[in-house]
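Some notes on the structure that comes next.
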Amino acid sequence: MRVLVTGGTGYIGSTAVEMLLNQGFDISILDDCSMGHADTVPAGVRFIQGSLLNSDEVADSLADCQVVMHFAGKSLVGESVKQPDLYHLVNVGGTRILLDEMRKQSISKLVFSSSAATYGEPEVLPILETSPTNPTNPYGATKLAIDQMITSEAAAHGLSAASLRYFNVAGAIKTDRGWLAERHNPETHLIPNVLRSTTENPVKIFGTDWPTADGTCIRDYVHVIDLIDAHVKALHSLKDSAHEIYNLGSGSGYSVREVVAAANTAIGHQIPSIDTARRAGDPAVLIADISKAKARLDWEPTRDLNTMVSDTLKSMA
Ligand SMILES: NC(=O)c1ccc[n+]([C@@H]2O[C@H](COP(=O)([O-])OP(=O)(O)OC[C@H]3O[C@@H](n4cnc5c(N)ncnc54)[C@H](O)[C@@H]3O)[C@@H](O)[C@H]2O)c1
């Protein structure tokens, strides 16, 4: 089976490419490398350096594929607030082009990278797939618009799809060619930023007066290898003309101070950090209810926070 991995040179997409290849899938990649890195592409993979916004390049990349794993897109929350039009164009418009070209080539299986950002501030914890969706930024709004577009495409044109709503993804995979690191510029994710913290440029802890045990925000993290395991299970679970949504996280949260403590242990010394004021728009606690993925996909994350932090550290070496 040949899988098109859009965004296959990015952090999560390149991990998917590695794991799918190891499981015997044939792989094509479409990525414009605006955030990804062409040097992650392994031998034996068909790589189209092109854009989701170019229908000819999308059509070319789909040749001989039976399935699409769609990771490509823009995913910086702050940037999406400043450039909502760009996020709408690339994420929603790009996915529209992808769905149209898939239909032309009778490719009817899709696994999509959605996000916990579709939910916004939760009314009830942990967050279920049936929880209200009120995204608080344009990035989350584009992911929700895509999920809705996929639901319509399944109903109208027989697409079989899964949207996987990731919480925070961390860790890395080791390959024969070395570690596939998270190489974002700018990096907005807590774990790599904690590990890069220096006395000159200490990591900021936004708010120490939240209603949590240690006063810092709590977030749900999932190891990138566990995450891609769920993609493969979701692919095998696809049903005709149906669109299923699954939360992917650990089902429990870690506070920012707990992440810093895990990083202290991994790195072997006290990491510099400074306590600052709360950041506007940050909910105190975000935790996924992952019981649907456990029950329907027979999936369970197996790597804990210490593994995520130490694998991230090794990948940065
Ligand atoms: N990293 C996380 O914690 C997280 C959490 C929730 C959801 N997600 C989603 O998972 C997906 C992958 O995330 P990531 O962290 O690997 O991001 P990433 O930026 O590393 O990967 C995205 C890839 O898409 C490519 N891309 C961007 N615009 C493109 C276009 N127009 N045409 C072709 N390729 C294009 C980039 O070059 C990059 O390689 C994204 O859709 C993201 O929104 C990530």
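By order of appearance in the structure tokens: chains A, B, ..., then residues from 1 within every chain, and ligands from 1 in the order shown.
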Discussion item. Ligand 1: which residues are within 7 Å, counting only C-alpha atoms and all ligand atoms? Reply as a VMD selection string.
Written reply: chain A and resid 6 to 13 30 to 37 50 to 53 71 to 75 90 94 113 to 116 165 to 170 182 184
Discussion item. Give me, as a ChimeraX atom specification, all polymer residues having an atom no more than 9 Å from A:Ser61, counting only C-alpha atoms and skipping those fewer than 5 positions away in the same chain.
Written reply: /A:4,6,28-30,46-48,50,56
Could you write those residues out with all heavy atoms, as a CSV table (one decimal), in the first residue's frame?
```csv
chain,number,residue,atom,x,y,z
A,4,LEU,N,0.5,8.6,0.8
A,4,LEU,CA,1.0,10.0,0.6
A,4,LEU,C,1.1,10.6,2.0
A,4,LEU,O,0.1,10.7,2.7
A,4,LEU,CB,0.1,10.8,-0.3
A,4,LEU,CG,0.6,12.3,-0.3
A,4,LEU,CD1,2.0,12.5,-0.9
A,4,LEU,CD2,-0.5,13.1,-1.1
A,6,THR,N,1.6,14.0,3.5
A,6,THR,CA,1.8,15.5,3.3
A,6,THR,C,2.5,16.0,4.6
A,6,THR,O,2.2,15.5,5.7
A,6,THR,CB,0.5,16.2,3.1
A,6,THR,OG1,-0.2,16.4,4.3
A,6,THR,CG2,-0.4,15.5,2.0
A,28,SER,N,5.1,8.2,-0.5
A,28,SER,CA,5.3,9.4,-1.2
A,28,SER,C,5.2,10.6,-0.3
A,28,SER,O,4.4,10.5,0.7
A,28,SER,CB,4.3,9.6,-2.4
A,28,SER,OG,4.4,8.5,-3.3
A,29,ILE,N,6.0,11.6,-0.5
A,29,ILE,CA,5.9,12.8,0.4
A,29,ILE,C,5.6,14.0,-0.5
A,29,ILE,O,6.2,14.2,-1.5
A,29,ILE,CB,7.3,13.0,1.1
A,29,ILE,CG1,7.6,11.9,2.1
A,29,ILE,CG2,7.3,14.4,1.9
A,29,ILE,CD1,8.9,12.0,2.8
A,30,LEU,N,4.7,14.8,0.0
A,30,LEU,CA,4.5,16.2,-0.5
A,30,LEU,C,4.8,17.2,0.6
A,30,LEU,O,4.2,17.2,1.7
A,30,LEU,CB,3.1,16.4,-1.0
A,30,LEU,CG,2.8,17.9,-1.5
A,30,LEU,CD1,3.5,18.2,-2.8
A,30,LEU,CD2,1.3,18.1,-1.6
A,46,ARG,N,9.4,8.5,-2.6
A,46,ARG,CA,9.1,9.4,-3.6
A,46,ARG,C,8.8,10.8,-3.0
A,46,ARG,O,7.9,10.9,-2.3
A,46,ARG,CB,7.9,8.9,-4.5
A,46,ARG,CG,7.6,9.8,-5.6
A,46,ARG,CD,6.7,9.1,-6.6
A,46,ARG,NE,6.6,10.0,-7.8
A,46,ARG,CZ,5.5,10.8,-8.0
A,46,ARG,NH1,4.5,10.7,-7.2
A,46,ARG,NH2,5.5,11.6,-9.0
A,47,PHE,N,9.7,11.8,-3.3
A,47,PHE,CA,9.6,13.1,-2.6
A,47,PHE,C,9.3,14.2,-3.6
A,47,PHE,O,10.0,14.4,-4.6
A,47,PHE,CB,10.9,13.4,-1.9
A,47,PHE,CG,10.9,14.8,-1.3
A,47,PHE,CD1,9.8,15.4,-0.7
A,47,PHE,CD2,12.1,15.6,-1.3
A,47,PHE,CE1,9.8,16.6,-0.1
A,47,PHE,CE2,12.1,16.8,-0.8
A,47,PHE,CZ,11.0,17.4,-0.2
A,48,ILE,N,8.1,14.8,-3.5
A,48,ILE,CA,7.7,15.9,-4.3
A,48,ILE,C,7.8,17.2,-3.5
A,48,ILE,O,7.1,17.3,-2.5
A,48,ILE,CB,6.3,15.8,-4.9
A,48,ILE,CG1,6.2,14.6,-5.9
A,48,ILE,CG2,5.8,17.0,-5.5
A,48,ILE,CD1,5.9,13.3,-5.3
A,50,GLY,N,6.8,20.3,-3.1
A,50,GLY,CA,5.8,21.2,-3.7
A,50,GLY,C,4.8,21.5,-2.7
A,50,GLY,O,4.8,21.1,-1.5
A,56,ASP,N,-1.6,20.9,-9.4
A,56,ASP,CA,-0.8,19.9,-10.2
A,56,ASP,C,0.2,19.1,-9.4
A,56,ASP,O,0.4,17.9,-9.6
A,56,ASP,CB,0.0,20.7,-11.3
A,56,ASP,CG,-0.9,21.3,-12.3
A,56,ASP,OD1,-2.1,20.8,-12.5
A,56,ASP,OD2,-0.5,22.3,-13.0
```
Practice prompt. Write down as a PyMOL selection string the residues belonging to stretch 79-190 of chain A that are assigned helix (DSSP H, G or I) by DSSP computed on the backbone.
Written response: chain A and resi 79-82+84-104+116-118+138-157+190
Worksheet entry | Residues within 7 Å of A:Ala263, only C-alpha atoms, excluding chain neighbours under 3 positions, as a list in words | Leu195, Val259, Val260, Ala266, Ile267 and Val309 of chain A
Emit the selected residues as an mmCIF file, in the first residue's frame, including all heavy atoms.
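Saved result, result28.cif, follows:
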```cif
data_model
loop_
_atom_site.group_PDB
_atom_site.id
_atom_site.type_symbol
_atom_site.label_atom_id
_atom_site.label_comp_id
_atom_site.auth_asym_id
_atom_site.auth_seq_id
_atom_site.Cartn_x
_atom_site.Cartn_y
_atom_site.Cartn_z
ATOM 1 N N LEU A 195 14.592 22.473 27.513
ATOM 2 C CA LEU A 195 15.908 21.824 27.380
ATOM 3 C C LEU A 195 16.966 22.781 26.804
ATOM 4 O O LEU A 195 18.154 22.587 27.018
ATOM 5 C CB LEU A 195 15.783 20.570 26.502
ATOM 6 C CG LEU A 195 15.000 19.422 27.158
ATOM 7 C CD1 LEU A 195 14.662 18.337 26.130
ATOM 8 C CD2 LEU A 195 15.789 18.820 28.321
ATOM 9 N N VAL A 259 7.333 19.373 34.124
ATOM 10 C CA VAL A 259 8.144 19.247 32.898
ATOM 11 C C VAL A 259 9.568 19.734 33.174
ATOM 12 O O VAL A 259 10.552 19.088 32.788
ATOM 13 C CB VAL A 259 7.500 20.046 31.736
ATOM 14 C CG1 VAL A 259 8.443 20.116 30.541
ATOM 15 C CG2 VAL A 259 6.171 19.419 31.327
ATOM 16 N N VAL A 260 9.682 20.874 33.878
ATOM 17 C CA VAL A 260 11.022 21.401 34.197
ATOM 18 C C VAL A 260 11.770 20.397 35.083
ATOM 19 O O VAL A 260 12.967 20.131 34.870
ATOM 20 C CB VAL A 260 10.926 22.795 34.872
ATOM 21 C CG1 VAL A 260 12.299 23.262 35.360
ATOM 22 C CG2 VAL A 260 10.322 23.818 33.908
ATOM 23 N N ALA A 266 16.793 14.754 33.357
ATOM 24 C CA ALA A 266 17.385 14.270 32.099
ATOM 25 C C ALA A 266 18.739 14.928 31.844
ATOM 26 O O ALA A 266 19.684 14.287 31.384
ATOM 27 C CB ALA A 266 16.429 14.545 30.939
ATOM 28 N N ILE A 267 18.816 16.208 32.155
ATOM 29 C CA ILE A 267 20.016 16.979 31.787
ATOM 30 C C ILE A 267 21.073 16.908 32.894
ATOM 31 O O ILE A 267 22.256 17.155 32.651
ATOM 32 C CB ILE A 267 19.577 18.434 31.466
ATOM 33 C CG1 ILE A 267 20.159 18.929 30.160
ATOM 34 C CG2 ILE A 267 19.843 19.397 32.578
ATOM 35 C CD1 ILE A 267 19.413 20.120 29.566
ATOM 36 N N VAL A 309 10.952 13.506 27.504
ATOM 37 C CA VAL A 309 11.979 14.531 27.729
ATOM 38 C C VAL A 309 13.360 13.988 27.359
ATOM 39 O O VAL A 309 14.140 14.655 26.665
ATOM 40 C CB VAL A 309 11.938 15.029 29.191
ATOM 41 C CG1 VAL A 309 13.133 15.915 29.497
ATOM 42 C CG2 VAL A 309 10.637 15.773 29.453
#
```
Fill in: Sel. of strand (DSSP E) residues, stretch 79-315 of chain A, as JSON, numbers by chain
{"A": [109, 110, 111, 112, 113, 114, 115, 160, 161, 162, 163, 164, 165, 166, 168, 169, 170, 173, 174, 175, 178, 179, 180, 203, 204, 205, 206, 218, 219, 221, 222, 223, 243, 244, 245, 246, 247, 248, 254, 255, 273, 274, 275, 276]}
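Using only C-alpha atoms, the contacts of stretch 82-86 of chain A at a cut-off of 12 Å, with sequence neighbours closer than 2 positions omitted, comprise Leu53, Gly73, Lys74, Ser75, Leu76, Val77, Gly78, Glu79, Ser80, His88, Leu89, Val90, Asn91, Val92, Gly93, Gly94, Asn137, Pro138, Tyr139, Gly140, Ala141 and Thr142 of chain A.
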Give me a file of those residues, with N, CA and C atoms, as an mmCIF file, in the first residue's frame.
```
data_model
loop_
_atom_site.group_PDB
_atom_site.id
_atom_site.type_symbol
_atom_site.label_atom_id
_atom_site.label_comp_id
_atom_site.auth_asym_id
_atom_site.auth_seq_id
_atom_site.Cartn_x
_atom_site.Cartn_y
_atom_site.Cartn_z
ATOM 1 N N LEU A 53 -0.985 24.047 -2.133
ATOM 2 C CA LEU A 53 -1.772 25.062 -2.845
ATOM 3 C C LEU A 53 -1.646 24.930 -4.352
ATOM 4 N N GLY A 73 0.804 21.759 6.944
ATOM 5 C CA GLY A 73 0.011 22.927 7.303
ATOM 6 C C GLY A 73 0.800 23.858 8.185
ATOM 7 N N LYS A 74 0.169 24.958 8.503
ATOM 8 C CA LYS A 74 0.805 25.945 9.364
ATOM 9 C C LYS A 74 0.254 25.751 10.773
ATOM 10 N N SER A 75 1.161 25.847 11.777
ATOM 11 C CA SER A 75 0.693 25.452 13.114
ATOM 12 C C SER A 75 1.237 26.321 14.255
ATOM 13 N N LEU A 76 1.529 27.591 13.956
ATOM 14 C CA LEU A 76 1.992 28.476 15.031
ATOM 15 C C LEU A 76 0.825 29.372 15.469
ATOM 16 N N VAL A 77 0.388 29.179 16.708
ATOM 17 C CA VAL A 77 -0.802 29.895 17.184
ATOM 18 C C VAL A 77 -0.625 31.414 17.074
ATOM 19 N N GLY A 78 0.526 31.912 17.542
ATOM 20 C CA GLY A 78 0.759 33.358 17.539
ATOM 21 C C GLY A 78 0.751 33.919 16.117
ATOM 22 N N GLU A 79 1.397 33.206 15.196
ATOM 23 C CA GLU A 79 1.418 33.636 13.794
ATOM 24 C C GLU A 79 -0.003 33.653 13.229
ATOM 25 N N SER A 80 -0.819 32.671 13.647
ATOM 26 C CA SER A 80 -2.187 32.594 13.108
ATOM 27 C C SER A 80 -3.026 33.791 13.562
ATOM 28 N N HIS A 88 -5.924 30.404 6.893
ATOM 29 C CA HIS A 88 -7.122 29.930 6.205
ATOM 30 C C HIS A 88 -6.742 29.420 4.818
ATOM 31 N N LEU A 89 -5.896 30.189 4.137
ATOM 32 C CA LEU A 89 -5.494 29.806 2.773
ATOM 33 C C LEU A 89 -4.779 28.455 2.771
ATOM 34 N N VAL A 90 -3.736 28.330 3.587
ATOM 35 C CA VAL A 90 -2.904 27.114 3.538
ATOM 36 C C VAL A 90 -3.640 25.918 4.145
ATOM 37 N N ASN A 91 -4.169 26.100 5.347
ATOM 38 C CA ASN A 91 -4.745 24.938 6.050
ATOM 39 C C ASN A 91 -6.080 24.525 5.433
ATOM 40 N N VAL A 92 -6.998 25.470 5.319
ATOM 41 C CA VAL A 92 -8.335 25.109 4.813
ATOM 42 C C VAL A 92 -8.285 24.985 3.286
ATOM 43 N N GLY A 93 -7.752 26.020 2.610
ATOM 44 C CA GLY A 93 -7.693 25.997 1.141
ATOM 45 C C GLY A 93 -6.837 24.849 0.634
ATOM 46 N N GLY A 94 -5.702 24.624 1.273
ATOM 47 C CA GLY A 94 -4.802 23.534 0.855
ATOM 48 C C GLY A 94 -5.473 22.179 1.027
ATOM 49 N N ASN A 137 -8.315 30.703 18.761
ATOM 50 C CA ASN A 137 -7.370 31.360 17.853
ATOM 51 C C ASN A 137 -7.612 30.847 16.428
ATOM 52 N N PRO A 138 -7.131 31.593 15.417
ATOM 53 C CA PRO A 138 -7.394 31.196 14.024
ATOM 54 C C PRO A 138 -6.815 29.822 13.677
ATOM 55 N N TYR A 139 -5.679 29.450 14.260
ATOM 56 C CA TYR A 139 -5.119 28.112 13.997
ATOM 57 C C TYR A 139 -6.153 27.038 14.344
ATOM 58 N N GLY A 140 -6.695 27.098 15.575
ATOM 59 C CA GLY A 140 -7.687 26.113 16.002
ATOM 60 C C GLY A 140 -8.927 26.173 15.119
ATOM 61 N N ALA A 141 -9.304 27.391 14.706
ATOM 62 C CA ALA A 141 -10.490 27.534 13.844
ATOM 63 C C ALA A 141 -10.265 26.851 12.500
ATOM 64 N N THR A 142 -9.035 26.926 11.960
ATOM 65 C CA THR A 142 -8.790 26.258 10.661
ATOM 66 C C THR A 142 -8.853 24.740 10.826
#
```
Discussion item. What's around A:Leu99 at 12 Å? Count only C-alpha atoms, leave out sequence neighbours fewer than 3 positions away in its own chain, and write the answer as a ChimeraX atom specification.
Written reply: /A:52-53,55,58-59,62,67-70,92-96,102-112,146,149-154,157-161
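In this model, the gap between atom CA of A:Asp289 and atom CA of A:Thr212 comes to 18.6 Å.
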